[in-house]
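Student: File query-v8.cif below, mmCIF, C-alpha atoms and all ligand atoms:
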```cif
data_protein
loop_
_atom_site.label_atom_id
_atom_site.label_comp_id
_atom_site.auth_asym_id
_atom_site.auth_seq_id
_atom_site.Cartn_x
_atom_site.Cartn_y
_atom_site.Cartn_z
CA MET A 253 91.84 -66.10 30.40
CA ASP A 254 91.74 -69.84 31.03
CA LEU A 255 89.28 -71.28 28.49
CA THR A 256 89.00 -74.72 30.13
CA LEU A 257 85.68 -75.21 31.88
CA SER A 258 85.78 -75.81 35.63
CA PRO A 259 83.94 -78.90 36.99
CA ASN A 260 81.03 -76.64 38.05
CA GLU A 261 80.83 -75.07 34.61
CA GLN A 262 80.92 -78.47 32.94
CA ALA A 263 78.13 -79.67 35.23
CA PHE A 264 76.10 -76.55 34.37
CA ARG A 265 76.54 -77.30 30.65
CA ASP A 266 75.68 -81.00 30.98
CA VAL A 267 72.50 -80.34 32.99
CA LEU A 268 71.41 -77.68 30.50
CA ARG A 269 72.19 -79.95 27.54
CA SER A 270 70.06 -82.77 28.88
CA TRP A 271 67.26 -80.35 29.81
CA LEU A 272 67.30 -79.03 26.25
CA ALA A 273 67.28 -82.53 24.80
CA GLU A 274 63.97 -83.15 26.61
CA ASN A 275 62.41 -79.71 26.38
CA HIS A 276 63.32 -78.33 22.97
CA PRO A 277 60.14 -76.68 21.66
CA GLY A 278 60.73 -77.66 18.03
CA GLU A 279 60.43 -75.46 14.95
CA GLU A 280 58.95 -72.02 15.34
CA PRO A 281 55.72 -71.65 13.33
CA THR A 282 55.70 -69.12 10.48
CA GLY A 283 53.77 -65.85 10.76
CA ASP A 284 54.55 -62.90 13.05
CA GLU A 285 51.75 -63.54 15.55
CA ALA A 286 52.08 -67.33 15.78
CA GLY A 287 55.86 -66.96 16.06
CA PHE A 288 55.55 -64.47 18.89
CA GLU A 289 53.08 -66.62 20.87
CA PHE A 290 55.43 -69.57 20.43
CA ARG A 291 58.31 -67.54 21.86
CA VAL A 292 56.17 -66.44 24.82
CA GLU A 293 55.43 -70.09 25.65
CA TRP A 294 59.10 -70.99 25.23
CA GLN A 295 60.19 -68.22 27.59
CA LYS A 296 57.62 -69.31 30.19
CA LYS A 297 59.04 -72.82 30.01
CA LEU A 298 62.58 -71.52 30.40
CA HIS A 299 61.50 -69.40 33.34
CA ALA A 300 59.78 -72.31 35.07
CA ALA A 301 63.03 -74.27 34.79
CA GLY A 302 65.13 -71.35 36.07
CA TYR A 303 66.66 -70.60 32.68
CA ALA A 304 65.33 -67.05 32.13
CA GLY A 305 67.63 -64.30 33.44
CA VAL A 306 70.42 -66.83 33.87
CA SER A 307 72.96 -64.38 35.30
CA TRP A 308 70.45 -62.19 37.14
CA PRO A 309 70.87 -62.41 40.92
CA GLU A 310 68.71 -65.04 42.60
CA GLU A 311 67.04 -62.42 44.82
CA PHE A 312 65.48 -60.96 41.65
CA GLY A 313 64.28 -64.29 40.28
CA GLY A 314 67.36 -65.10 38.19
CA ARG A 315 69.55 -68.18 38.38
CA GLY A 316 72.52 -66.29 39.85
CA ALA A 317 74.82 -67.94 37.32
CA THR A 318 78.31 -66.62 36.65
CA LEU A 319 79.06 -64.78 33.43
CA VAL A 320 80.94 -67.81 32.15
CA GLU A 321 77.82 -69.92 32.76
CA GLN A 322 75.78 -67.24 30.99
CA ALA A 323 78.13 -67.56 28.01
CA ILE A 324 77.84 -71.37 28.10
CA TYR A 325 74.05 -70.92 28.16
CA GLY A 326 74.24 -68.73 25.03
CA GLU A 327 76.45 -71.27 23.28
CA GLU A 328 74.20 -74.21 24.17
CA MET A 329 71.05 -72.39 23.02
CA ALA A 330 72.75 -71.59 19.71
CA ARG A 331 73.97 -75.18 19.39
CA ALA A 332 70.48 -76.59 20.03
CA LYS A 333 69.00 -74.01 17.61
CA THR A 334 66.32 -72.97 20.08
CA PRO A 335 63.98 -70.12 19.20
CA SER A 336 64.60 -66.69 20.63
CA THR A 337 62.80 -65.67 23.83
CA ALA A 338 59.76 -63.36 23.46
CA ASN A 339 61.05 -60.68 25.81
CA VAL A 340 64.57 -60.50 24.49
CA LEU A 341 65.05 -56.76 25.12
CA GLY A 342 63.63 -57.05 28.64
CA LEU A 343 65.93 -59.94 29.50
CA VAL A 344 69.10 -58.58 27.93
CA MET A 345 68.71 -54.87 28.69
CA GLY A 346 65.56 -53.94 30.68
CA GLY A 347 66.16 -56.21 33.66
CA PRO A 348 69.92 -55.53 33.97
CA VAL A 349 69.35 -51.77 33.77
CA VAL A 350 66.63 -51.88 36.46
CA ILE A 351 68.95 -54.00 38.63
CA ALA A 352 71.78 -51.49 38.10
CA HIS A 353 69.87 -48.21 38.47
CA GLY A 354 66.40 -49.00 39.85
CA SER A 355 64.99 -48.32 43.32
CA GLU A 356 63.90 -51.24 45.49
CA GLU A 357 60.25 -50.61 44.51
CA GLN A 358 61.15 -50.63 40.83
CA LYS A 359 63.00 -53.92 41.17
CA GLN A 360 60.01 -55.46 42.92
CA ARG A 361 57.59 -54.08 40.34
CA TYR A 362 59.33 -54.81 37.03
CA LEU A 363 61.71 -57.74 37.19
CA GLU A 364 59.44 -60.76 37.65
CA PRO A 365 57.06 -59.93 34.73
CA ILE A 366 60.12 -59.52 32.47
CA LEU A 367 61.29 -63.03 33.31
CA SER A 368 57.87 -64.60 32.89
CA ALA A 369 57.16 -62.73 29.61
CA GLU A 370 53.97 -61.31 31.16
CA GLU A 371 55.20 -57.83 30.24
CA ILE A 372 57.22 -57.31 27.07
CA TRP A 373 59.73 -54.46 26.84
CA CYS A 374 60.96 -52.29 23.99
CA GLN A 375 63.74 -49.73 23.66
CA GLY A 376 62.74 -46.18 22.65
CA PHE A 377 66.11 -44.58 21.95
CA SER A 378 66.44 -43.88 18.19
CA GLU A 379 64.59 -41.00 16.55
CA PRO A 380 64.27 -39.98 12.89
CA GLU A 381 67.19 -37.55 13.28
CA SER A 382 69.04 -39.15 16.19
CA GLY A 383 70.43 -42.63 15.84
CA SER A 384 74.18 -42.82 16.26
CA ASP A 385 74.18 -39.38 17.85
CA LEU A 386 71.71 -40.43 20.52
CA ALA A 387 72.41 -37.46 22.78
CA SER A 388 70.90 -35.10 20.20
CA LEU A 389 67.43 -36.63 20.60
CA LYS A 390 64.45 -34.29 20.63
CA THR A 391 61.59 -36.13 22.35
CA ARG A 392 60.79 -33.91 25.33
CA ALA A 393 59.37 -34.55 28.74
CA VAL A 394 57.85 -31.59 30.58
CA LYS A 395 57.12 -31.69 34.31
CA SER A 396 53.45 -31.96 35.18
CA ASP A 397 51.59 -32.79 38.37
CA GLY A 398 53.09 -35.95 39.86
CA GLY A 399 54.80 -36.88 36.63
CA TRP A 400 55.86 -35.91 33.14
CA SER A 401 54.17 -35.13 29.84
CA VAL A 402 56.08 -36.61 26.90
CA THR A 403 55.87 -35.61 23.23
CA GLY A 404 58.04 -36.77 20.35
CA GLN A 405 58.77 -39.50 17.83
CA LYS A 406 60.82 -42.67 18.03
CA VAL A 407 61.76 -45.04 15.23
CA TRP A 408 63.02 -48.62 14.67
CA THR A 409 61.41 -49.63 17.97
CA THR A 410 61.68 -53.42 17.96
CA LEU A 411 58.68 -55.24 19.51
CA ALA A 412 56.84 -51.97 20.34
CA HIS A 413 53.64 -53.47 18.90
CA VAL A 414 53.55 -56.13 21.64
CA SER A 415 55.21 -54.18 24.46
CA LYS A 416 53.86 -53.07 27.79
CA TRP A 417 56.93 -51.00 28.76
CA CYS A 418 59.28 -48.80 26.79
CA MET A 419 62.80 -47.81 27.95
CA LEU A 420 62.42 -44.23 26.82
CA VAL A 421 65.11 -41.56 26.79
CA ALA A 422 63.72 -38.01 26.61
CA ARG A 423 65.01 -34.47 27.02
CA THR A 424 63.97 -32.95 30.33
CA ASP A 425 66.25 -29.90 30.31
CA GLN A 426 66.43 -27.88 27.10
CA ASP A 427 69.17 -25.59 28.41
CA ALA A 428 71.65 -28.16 29.73
CA PRO A 429 74.50 -29.49 27.50
CA LYS A 430 73.04 -32.22 25.28
CA HIS A 431 74.29 -35.26 27.28
CA LYS A 432 73.16 -33.76 30.56
CA GLY A 433 69.59 -32.78 29.79
CA LEU A 434 68.31 -36.35 29.35
CA THR A 435 66.21 -38.57 31.61
CA TYR A 436 65.47 -42.30 31.34
CA PHE A 437 61.81 -43.27 31.77
CA LEU A 438 59.83 -46.47 31.84
CA MET A 439 56.83 -45.53 29.72
CA ASP A 440 53.57 -47.47 29.78
CA MET A 441 52.79 -48.29 26.14
CA GLU A 442 49.13 -48.94 26.92
CA GLN A 443 47.86 -45.39 26.52
CA ASP A 444 46.21 -43.62 23.56
CA ALA A 445 48.91 -40.95 23.60
CA VAL A 446 51.34 -43.58 22.24
CA GLN A 447 50.64 -44.68 18.67
CA VAL A 448 52.61 -47.59 17.22
CA ARG A 449 52.96 -48.02 13.43
CA PRO A 450 54.75 -51.03 11.93
CA LEU A 451 57.75 -50.68 9.64
CA HIS A 452 58.42 -53.47 7.15
CA GLN A 453 61.97 -54.64 6.67
CA ILE A 454 63.58 -55.93 3.48
CA THR A 455 62.66 -59.47 4.67
CA GLY A 456 58.96 -58.56 4.62
CA GLU A 457 58.67 -58.85 8.40
CA ALA A 458 57.60 -56.00 10.65
CA GLU A 459 59.93 -56.54 13.60
CA PHE A 460 60.11 -52.87 14.43
CA ASN A 461 57.93 -49.75 14.47
CA GLU A 462 57.58 -46.01 14.58
CA LEU A 463 56.26 -44.49 17.82
CA PHE A 464 54.26 -41.28 17.77
CA ILE A 465 54.02 -39.86 21.29
CA GLU A 466 51.65 -36.97 21.93
CA ASP A 467 51.35 -35.78 25.52
CA ALA A 468 51.89 -39.23 27.06
CA TYR A 469 51.86 -39.39 30.85
CA ILE A 470 54.69 -40.92 32.86
CA PRO A 471 54.47 -40.79 36.66
CA ASP A 472 57.49 -39.66 38.71
CA GLU A 473 58.06 -43.15 40.07
CA ASN A 474 58.83 -44.34 36.51
CA VAL A 475 62.01 -42.26 36.23
CA LEU A 476 64.96 -44.67 36.27
CA GLY A 477 68.27 -43.53 37.75
CA GLY A 478 67.27 -39.92 38.53
CA VAL A 479 66.21 -36.87 36.53
CA GLY A 480 69.05 -35.60 34.30
CA ASN A 481 70.97 -38.87 34.55
CA GLY A 482 69.51 -40.44 31.39
CA TRP A 483 72.77 -40.56 29.45
CA SER A 484 74.59 -42.82 31.88
CA VAL A 485 71.53 -45.09 32.26
CA ALA A 486 71.29 -45.30 28.45
CA ILE A 487 74.98 -46.23 28.20
CA THR A 488 74.47 -49.02 30.78
CA THR A 489 71.64 -50.32 28.57
CA LEU A 490 73.77 -50.32 25.41
CA MET A 491 76.74 -51.98 27.13
CA HIS A 492 74.46 -54.79 28.30
CA GLU A 493 73.03 -55.12 24.78
CA ARG A 494 76.49 -55.68 23.29
CA ALA A 495 77.96 -57.69 26.15
CA GLY A 496 75.08 -60.18 26.04
CA LEU A 497 75.73 -61.05 22.45
CA GLY A 498 79.29 -62.39 22.10
CA ALA A 499 79.46 -66.08 23.01
CA ALA A 500 76.06 -67.01 21.56
CA ALA A 501 76.81 -65.09 18.37
CA ALA A 502 80.14 -66.88 18.01
CA ALA A 503 78.43 -70.26 18.44
CA SER A 504 75.67 -69.47 15.97
CA VAL A 505 78.05 -68.32 13.21
CA LYS A 506 80.08 -71.49 13.69
CA ILE A 507 76.93 -73.56 13.14
CA ALA A 508 76.04 -71.46 10.11
CA LEU A 509 79.55 -72.01 8.72
CA GLY A 510 79.04 -75.77 9.04
CA GLN A 511 75.83 -75.41 7.03
CA LEU A 512 77.67 -73.27 4.48
CA ILE A 513 80.29 -75.99 3.99
CA GLU A 514 77.49 -78.53 3.41
CA LEU A 515 75.87 -76.18 0.92
CA ALA A 516 79.17 -75.76 -0.95
CA SER A 517 79.50 -79.58 -1.18
CA GLU A 518 75.90 -80.01 -2.37
CA HIS A 519 76.57 -77.52 -5.17
CA GLY A 520 79.84 -79.18 -6.13
CA MET A 521 81.83 -76.14 -5.04
CA ALA A 522 83.73 -77.55 -2.09
CA ASP A 523 86.81 -77.86 -4.32
CA ASP A 524 86.54 -74.40 -5.79
CA PRO A 525 89.69 -72.57 -4.63
CA ILE A 526 87.97 -69.20 -4.23
CA VAL A 527 85.06 -70.64 -2.25
CA ARG A 528 87.50 -72.60 -0.06
CA GLN A 529 89.56 -69.51 0.59
CA GLU A 530 86.50 -67.45 1.53
CA ILE A 531 85.23 -70.16 3.87
CA ALA A 532 88.66 -70.46 5.47
CA SER A 533 88.87 -66.75 6.17
CA LEU A 534 85.32 -66.73 7.59
CA LEU A 535 86.29 -69.61 9.89
CA ILE A 536 89.34 -67.68 11.09
CA GLU A 537 87.22 -64.58 11.73
CA ALA A 538 84.63 -66.68 13.58
CA GLU A 539 87.35 -68.09 15.84
CA ALA A 540 88.70 -64.58 16.51
CA LEU A 541 85.13 -63.55 17.35
CA ARG A 542 84.80 -66.41 19.84
CA LEU A 543 88.06 -65.51 21.56
CA ASN A 544 87.18 -61.82 21.72
CA ALA A 545 83.78 -62.67 23.19
CA TRP A 546 85.56 -64.53 26.00
CA ARG A 547 88.05 -61.68 26.37
CA GLY A 548 85.10 -59.28 26.83
CA LEU A 549 83.73 -61.60 29.54
CA THR A 550 87.05 -61.56 31.36
CA ALA A 551 86.92 -57.74 31.38
CA ILE A 552 83.39 -57.78 32.84
CA MET A 553 84.44 -60.25 35.52
CA LYS A 554 87.31 -57.94 36.50
CA THR A 555 85.38 -54.66 36.52
CA GLY A 556 81.86 -55.85 37.40
CA THR A 557 80.22 -53.97 34.51
CA PRO A 558 80.26 -54.44 30.75
CA GLY A 559 82.70 -52.06 29.08
CA PRO A 560 83.58 -50.87 25.58
CA GLU A 561 85.28 -54.23 24.79
CA GLY A 562 81.78 -55.59 24.07
CA SER A 563 81.79 -53.55 20.86
CA LEU A 564 84.42 -55.77 19.25
CA PRO A 565 82.45 -59.07 19.10
CA LYS A 566 79.38 -57.14 17.87
CA LEU A 567 81.44 -55.65 15.05
CA GLN A 568 83.05 -58.99 14.13
CA TRP A 569 79.76 -60.88 14.31
CA SER A 570 78.05 -58.57 11.84
CA ALA A 571 80.95 -58.88 9.38
CA VAL A 572 81.12 -62.70 9.59
CA ASN A 573 77.36 -63.16 9.42
CA GLN A 574 77.03 -60.87 6.42
CA GLY A 575 80.02 -62.53 4.72
CA LEU A 576 78.77 -66.08 5.18
CA THR A 577 75.17 -65.41 4.13
CA GLU A 578 76.40 -63.54 1.05
CA LEU A 579 78.65 -66.46 0.10
CA ALA A 580 75.72 -68.90 0.60
CA VAL A 581 73.54 -66.90 -1.78
CA THR A 582 76.38 -66.70 -4.35
CA ILE A 583 76.99 -70.46 -4.16
CA GLN A 584 73.31 -71.12 -4.88
CA GLY A 585 73.42 -69.13 -8.12
CA GLU A 586 69.94 -68.33 -9.45
CA ALA A 587 68.28 -70.31 -6.66
CA GLY A 588 69.82 -67.83 -4.22
CA LEU A 589 67.44 -65.23 -5.56
CA ALA A 590 64.35 -67.25 -4.56
CA LYS A 591 62.27 -65.33 -2.06
CA ASP A 592 61.34 -68.38 -0.01
CA SER A 593 64.87 -69.74 0.40
CA ASP A 594 66.12 -69.85 3.99
CA TRP A 595 69.56 -68.58 2.98
CA THR A 596 68.04 -65.67 1.09
CA TYR A 597 66.07 -64.73 4.18
CA ARG A 598 69.22 -64.92 6.30
CA PHE A 599 71.18 -62.87 3.75
CA LEU A 600 68.52 -60.14 3.75
CA ARG A 601 68.16 -60.10 7.55
CA ALA A 602 71.93 -59.90 7.97
CA ARG A 603 71.99 -56.51 6.22
CA ALA A 604 70.65 -55.02 9.47
CA ASN A 605 73.46 -56.56 11.56
CA SER A 606 75.88 -53.72 10.87
CA VAL A 607 73.26 -51.12 11.88
CA GLU A 608 71.27 -52.60 14.81
CA GLY A 609 72.80 -52.22 18.27
CA GLY A 610 75.29 -49.62 16.98
CA THR A 611 76.62 -49.21 13.44
CA THR A 612 79.96 -50.64 12.37
CA GLU A 613 81.45 -47.14 11.99
CA ILE A 614 80.37 -46.11 15.50
CA LEU A 615 81.69 -49.35 17.02
CA LYS A 616 85.02 -48.80 15.26
CA ASN A 617 85.20 -45.33 16.82
CA ILE A 618 84.44 -46.78 20.28
CA ILE A 619 87.13 -49.43 19.88
CA ALA A 620 89.67 -46.90 18.59
CA GLU A 621 89.05 -44.36 21.32
CA ARG A 622 87.97 -46.35 24.36
CA VAL A 623 89.69 -49.72 23.93
CA LEU A 624 92.86 -48.81 22.04
CA GLY A 625 93.18 -45.31 23.56
CA LEU A 626 93.68 -43.58 20.20
CA PRO A 627 92.99 -39.83 20.05
CA LYS A 628 89.37 -38.74 19.71
CA LEU A 629 88.15 -37.89 16.21
CA ARG A 630 86.61 -34.63 17.40
C1 LIG B 701 66.87 -54.38 12.97
C2 LIG B 701 67.02 -53.13 13.78
C3 LIG B 701 66.43 -53.03 15.02
C4 LIG B 701 66.54 -51.86 15.77
N1 LIG B 701 65.90 -51.78 16.98
C5 LIG B 701 65.96 -50.64 17.70
C6 LIG B 701 65.24 -50.52 18.93
O1 LIG B 701 64.57 -51.46 19.39
N2 LIG B 701 65.29 -49.34 19.58
C7 LIG B 701 66.01 -48.27 19.13
O2 LIG B 701 66.03 -47.25 19.80
N3 LIG B 701 66.69 -48.35 17.95
C8 LIG B 701 66.66 -49.50 17.23
N4 LIG B 701 67.35 -49.58 16.02
C9 LIG B 701 68.01 -48.40 15.51
C10 LIG B 701 69.52 -48.43 15.53
O3 LIG B 701 70.01 -48.35 16.84
C11 LIG B 701 69.98 -47.25 14.65
O4 LIG B 701 69.57 -47.52 13.34
C12 LIG B 701 71.47 -47.05 14.70
O5 LIG B 701 71.86 -46.61 15.97
C13 LIG B 701 71.94 -46.03 13.64
O6 LIG B 701 71.20 -44.87 13.69
P1 LIG B 701 70.53 -44.26 12.35
O7 LIG B 701 69.75 -45.34 11.69
O8 LIG B 701 69.82 -43.01 12.74
O9 LIG B 701 71.74 -43.91 11.40
P2 LIG B 701 72.68 -42.62 11.47
O10 LIG B 701 73.11 -42.40 12.86
O11 LIG B 701 71.99 -41.50 10.77
O12 LIG B 701 73.92 -43.09 10.63
C14 LIG B 701 73.91 -43.11 9.19
C15 LIG B 701 75.29 -43.56 8.70
O13 LIG B 701 76.29 -42.61 9.14
C16 LIG B 701 77.31 -43.25 9.89
N5 LIG B 701 77.74 -42.37 11.00
C17 LIG B 701 76.95 -41.66 11.85
N6 LIG B 701 77.71 -40.99 12.75
C18 LIG B 701 79.00 -41.29 12.47
C19 LIG B 701 80.25 -40.92 13.05
N7 LIG B 701 80.32 -40.12 14.12
N8 LIG B 701 81.38 -41.44 12.52
C20 LIG B 701 81.35 -42.27 11.45
N9 LIG B 701 80.18 -42.65 10.85
C21 LIG B 701 79.03 -42.17 11.36
C22 LIG B 701 76.65 -44.49 10.46
O14 LIG B 701 77.59 -45.49 10.78
C23 LIG B 701 75.73 -44.91 9.32
O15 LIG B 701 76.43 -45.63 8.35
C24 LIG B 701 67.26 -50.76 15.25
C25 LIG B 701 67.87 -50.84 13.99
C26 LIG B 701 67.75 -52.01 13.26
C27 LIG B 701 68.39 -52.06 11.90
#
```
Would you mind writing the structure in this file as structure tokens?
Ligand SMILES: Cc1cc2nc3c(=O)[nH]c(=O)nc-3n(C[C@H](O)[C@H](O)[C@H](O)COP(=O)(O)OP(=O)(O)OC[C@H]3O[C@@H](n4cnc5c(N)ncnc54)[C@H](O)[C@@H]3O)c2cc1C
Tutor:
Amino acid sequence: MDLTLSPNEQAFRDVLRSWLAENHPGEEPTGDEAGFEFRVEWQKKLHAAGYAGVSWPEEFGGRGATLVEQAIYGEEMARAKTPSTANVLGLVMGGPVVIAHGSEEQKQRYLEPILSAEEIWCQGFSEPESGSDLASLKTRAVKSDGGWSVTGQKVWTTLAHVSKWCMLVARTDQDAPKHKGLTYFLMDMEQDAVQVRPLHQITGEAEFNELFIEDAYIPDENVLGGVGNGWSVAITTLMHERAGLGAAAAASVKIALGQLIELASEHGMADDPIVRQEIASLLIEAEALRLNAWRGLTAIMKTGTPGPEGSLPKLQWSAVNQGLTELAVTIQGEAGLAKDSDWTYRFLRARANSVEGGTTEILKNIIAERVLGLPKLR
């Protein structure tokens, strides 16, 4: 792939850079609720300027940008250290999956409120006994009049406490082979049959939740991609999740590495041979991550859909981010143990990187089997 930006891509970057210079929202306030409201306002501002759903087609309210422009967007946002958007799962996964598998009515109904952050989305895939082995999930949907009755439990559901819609995968055919008996639903979270309980992470935040679903109602028109086709719709969702991450992740670890070098100097450890060696190898890995992110983009541009190559940047990002935050805490010595230190927070949050969005072991299997063509494990 040619990594030089075309004149159009450079113009896209320059316009975005100057827009950000004038519209950066500043530091996100602390506290879960205040932080969330801040991100809602930020997303509304982005949407008004045409910067939400950057690569979504224009007919669905997006900017119709190319994937390279989408990657530039991710890099620029990371560079400017902007806050995250409020509806991150809707923008990265919900919208693209509705565009790929939804009916015309579904596109009309769901896409605009995702962009404007009027309706927040969450992803109800994982269950207490089904995470990596998603196809073994047990939540069941039984046909009722004009719709489906759903009962089961989900876990680690990010943003469920503020969500209107849940991308829910449930078993609709108990007798079919496990990948074939699944259906993908858009479940309204605003019903008593869905109870949301927060789960606190090691950072003290409650980003995600448990969902207890007892006879929830989902109308027929909220099936996405057809009854029994849930597995392939779920895979589309996961591919978008990983594909969306690469370029921005590469840019943000590069910035973090710059901060790490400053930290090492402040602590008089910039000359320490071991610290220098560790920083050098992190920088090399970060560069490999950046190049693989662009390689993944090239593959999407050729095939039209994100493929298994997206697993590689996700895997590399989690390793680099965990490595650099761990080194930062080590460099700080005792101060690295302080609960209110920014680096300590980042170190603790990074522990989830090798689990969220697919564990490192599972991604290695995908790369081995589906990218490198090695024989299947089983
Ligand atoms: C911060 C965060 C946010 C999340 N948000 C969401 C969300 O919004 N929605 C959602 O649905 N889920 C979410 N998850 C859940 C996440 O997708 C799962 O945790 C992940 O898929 C792993 O599933 P599990 O936790 O059940 O672990 P398990 O699948 O039980 O795995 C346990 C261990 O066994 C290993 N393992 C399992 N199978 C294999 C295998 N075949 N080969 C080799 N090793 C294997 C795993 O790598 C792991 O180390 C989130 C998780 C985190 C940490």
Student: Please provide the set of residues having any atom within 9 Å of region 581-588 of chain A, restricted to all atoms listed in the file, with same-chain residues fewer than 2 positions apart removed, written as a PyMOL selection string.
Tutor: chain A and resi 515-516+519+521+527+576-579+590-591+593+595-596+599
Student: Once you count all atoms listed in the file, which residues end up within 6 Å of ligand LIG 701 (chain B), and could you hand them over as number ranges by chain?
Tutor: A: 374-378, 382-385, 408-410, 604, 607-614
Student: Between A:Gln405, A:Ser307, A:Ser563, A:Ser484, which residue has the minimum interatomic distance to Leu497 (chain A), considering only C-alpha atoms?
Tutor: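 Comparing A:Gln405, A:Ser307, A:Ser563, A:Ser484 against Leu497 (chain A), the winner is A:Ser563.
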Student: Work out how far apart CA of Glu462 (chain A) and CA of Leu420 (chain A) are and give it in Å to one decimal.
Tutor: 13.3 Å
Student: What does the structure give for the distance between CA of Val572 (chain A) and CA of Lys333 (chain A), in Å to one decimal?
Tutor: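 One can read the CA of Val572 (chain A) to CA of Lys333 (chain A) distance as 18.4 Å.
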Student: Considering only C-alpha atoms, can you say which of A:Leu343, A:Ile507, A:Ile531, A:Val485 comes closest to His299 (chain A)?
Tutor: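 The closest residue to His299 (chain A) is A:Leu343.
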Student: Kindly provide, as lines of an AutoDock Vina configuration file, the centre and edge lengths (Å, one decimal) of an axis-aligned box around all atoms of region 570-581 of chain A given in the file, with 8 Å on each side.
Tutor:
```
center_x = 77.3
center_y = -63.7
center_z = 5.0
size_x = 23.6
size_y = 26.3
size_z = 29.6
```
Student: At a cut-off of 6 Å, can you tabulate as a Markdown table every residue of region 454-559 of chain A near region 316-329 of chain A together with its closest atom pair and the distance in Å to one decimal, using only C-alpha atoms and ordering rows by chain then number?
Tutor:
```
| residue | atom | partner | partner_atom | distance |
| --- | --- | --- | --- | --- |
| A:Ala499 | CA | A:Ala323 | CA | 5.4 |
| A:Ala500 | CA | A:Gly326 | CA | 4.3 |
| A:Ala503 | CA | A:Glu327 | CA | 5.3 |
```
Student: With the input short on atoms, add N, CA and C atoms back to region 456-472 of chain A and write it as a PDB file, in the frame of the given file.
Tutor:
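So result-v5.pdb came out as:
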```
ATOM      1  N   GLY A 456      60.413 -58.503   4.647  1.00  0.00           N
ATOM      2  CA  GLY A 456      58.960 -58.560   4.620  1.00  0.00           C
ATOM      3  C   GLY A 456      58.364 -58.567   6.022  1.00  0.00           C
ATOM      4  N   GLU A 457      59.177 -58.842   7.022  1.00  0.00           N
ATOM      5  CA  GLU A 457      58.670 -58.850   8.400  1.00  0.00           C
ATOM      6  C   GLU A 457      58.533 -57.437   8.928  1.00  0.00           C
ATOM      7  N   ALA A 458      57.711 -57.304   9.982  1.00  0.00           N
ATOM      8  CA  ALA A 458      57.600 -56.000  10.650  1.00  0.00           C
ATOM      9  C   ALA A 458      58.037 -56.204  12.097  1.00  0.00           C
ATOM     10  N   GLU A 459      59.349 -56.333  12.278  1.00  0.00           N
ATOM     11  CA  GLU A 459      59.930 -56.540  13.600  1.00  0.00           C
ATOM     12  C   GLU A 459      59.881 -55.254  14.420  1.00  0.00           C
ATOM     13  N   PHE A 460      60.024 -54.137  13.701  1.00  0.00           N
ATOM     14  CA  PHE A 460      60.110 -52.870  14.430  1.00  0.00           C
ATOM     15  C   PHE A 460      59.063 -51.864  13.962  1.00  0.00           C
ATOM     16  N   ASN A 461      59.038 -50.694  14.614  1.00  0.00           N
ATOM     17  CA  ASN A 461      57.930 -49.750  14.470  1.00  0.00           C
ATOM     18  C   ASN A 461      58.389 -48.311  14.581  1.00  0.00           C
ATOM     19  N   GLU A 462      57.430 -47.423  14.226  1.00  0.00           N
ATOM     20  CA  GLU A 462      57.580 -46.010  14.580  1.00  0.00           C
ATOM     21  C   GLU A 462      56.671 -45.758  15.789  1.00  0.00           C
ATOM     22  N   LEU A 463      57.087 -44.872  16.674  1.00  0.00           N
ATOM     23  CA  LEU A 463      56.260 -44.490  17.820  1.00  0.00           C
ATOM     24  C   LEU A 463      55.939 -43.006  17.703  1.00  0.00           C
ATOM     25  N   PHE A 464      54.668 -42.690  17.750  1.00  0.00           N
ATOM     26  CA  PHE A 464      54.260 -41.280  17.770  1.00  0.00           C
ATOM     27  C   PHE A 464      53.708 -40.998  19.170  1.00  0.00           C
ATOM     28  N   ILE A 465      54.364 -40.091  19.884  1.00  0.00           N
ATOM     29  CA  ILE A 465      54.020 -39.860  21.290  1.00  0.00           C
ATOM     30  C   ILE A 465      53.516 -38.427  21.429  1.00  0.00           C
ATOM     31  N   GLU A 466      52.277 -38.298  21.866  1.00  0.00           N
ATOM     32  CA  GLU A 466      51.650 -36.970  21.930  1.00  0.00           C
ATOM     33  C   GLU A 466      51.085 -36.781  23.324  1.00  0.00           C
ATOM     34  N   ASP A 467      51.810 -36.081  24.165  1.00  0.00           N
ATOM     35  CA  ASP A 467      51.350 -35.780  25.520  1.00  0.00           C
ATOM     36  C   ASP A 467      51.091 -37.072  26.335  1.00  0.00           C
ATOM     37  N   ALA A 468      52.013 -37.988  26.260  1.00  0.00           N
ATOM     38  CA  ALA A 468      51.890 -39.230  27.060  1.00  0.00           C
ATOM     39  C   ALA A 468      52.229 -38.913  28.517  1.00  0.00           C
ATOM     40  N   TYR A 469      51.618 -39.641  29.426  1.00  0.00           N
ATOM     41  CA  TYR A 469      51.860 -39.390  30.850  1.00  0.00           C
ATOM     42  C   TYR A 469      52.783 -40.461  31.432  1.00  0.00           C
ATOM     43  N   ILE A 470      53.802 -39.989  32.155  1.00  0.00           N
ATOM     44  CA  ILE A 470      54.690 -40.920  32.860  1.00  0.00           C
ATOM     45  C   ILE A 470      54.803 -40.446  34.308  1.00  0.00           C
ATOM     46  N   PRO A 471      54.371 -41.238  35.266  1.00  0.00           N
ATOM     47  CA  PRO A 471      54.470 -40.790  36.660  1.00  0.00           C
ATOM     48  C   PRO A 471      55.915 -40.692  37.142  1.00  0.00           C
ATOM     49  N   ASP A 472      56.134 -39.862  38.174  1.00  0.00           N
ATOM     50  CA  ASP A 472      57.490 -39.660  38.710  1.00  0.00           C
ATOM     51  C   ASP A 472      58.185 -40.970  39.069  1.00  0.00           C
TER      52      ASP A 472
END
```
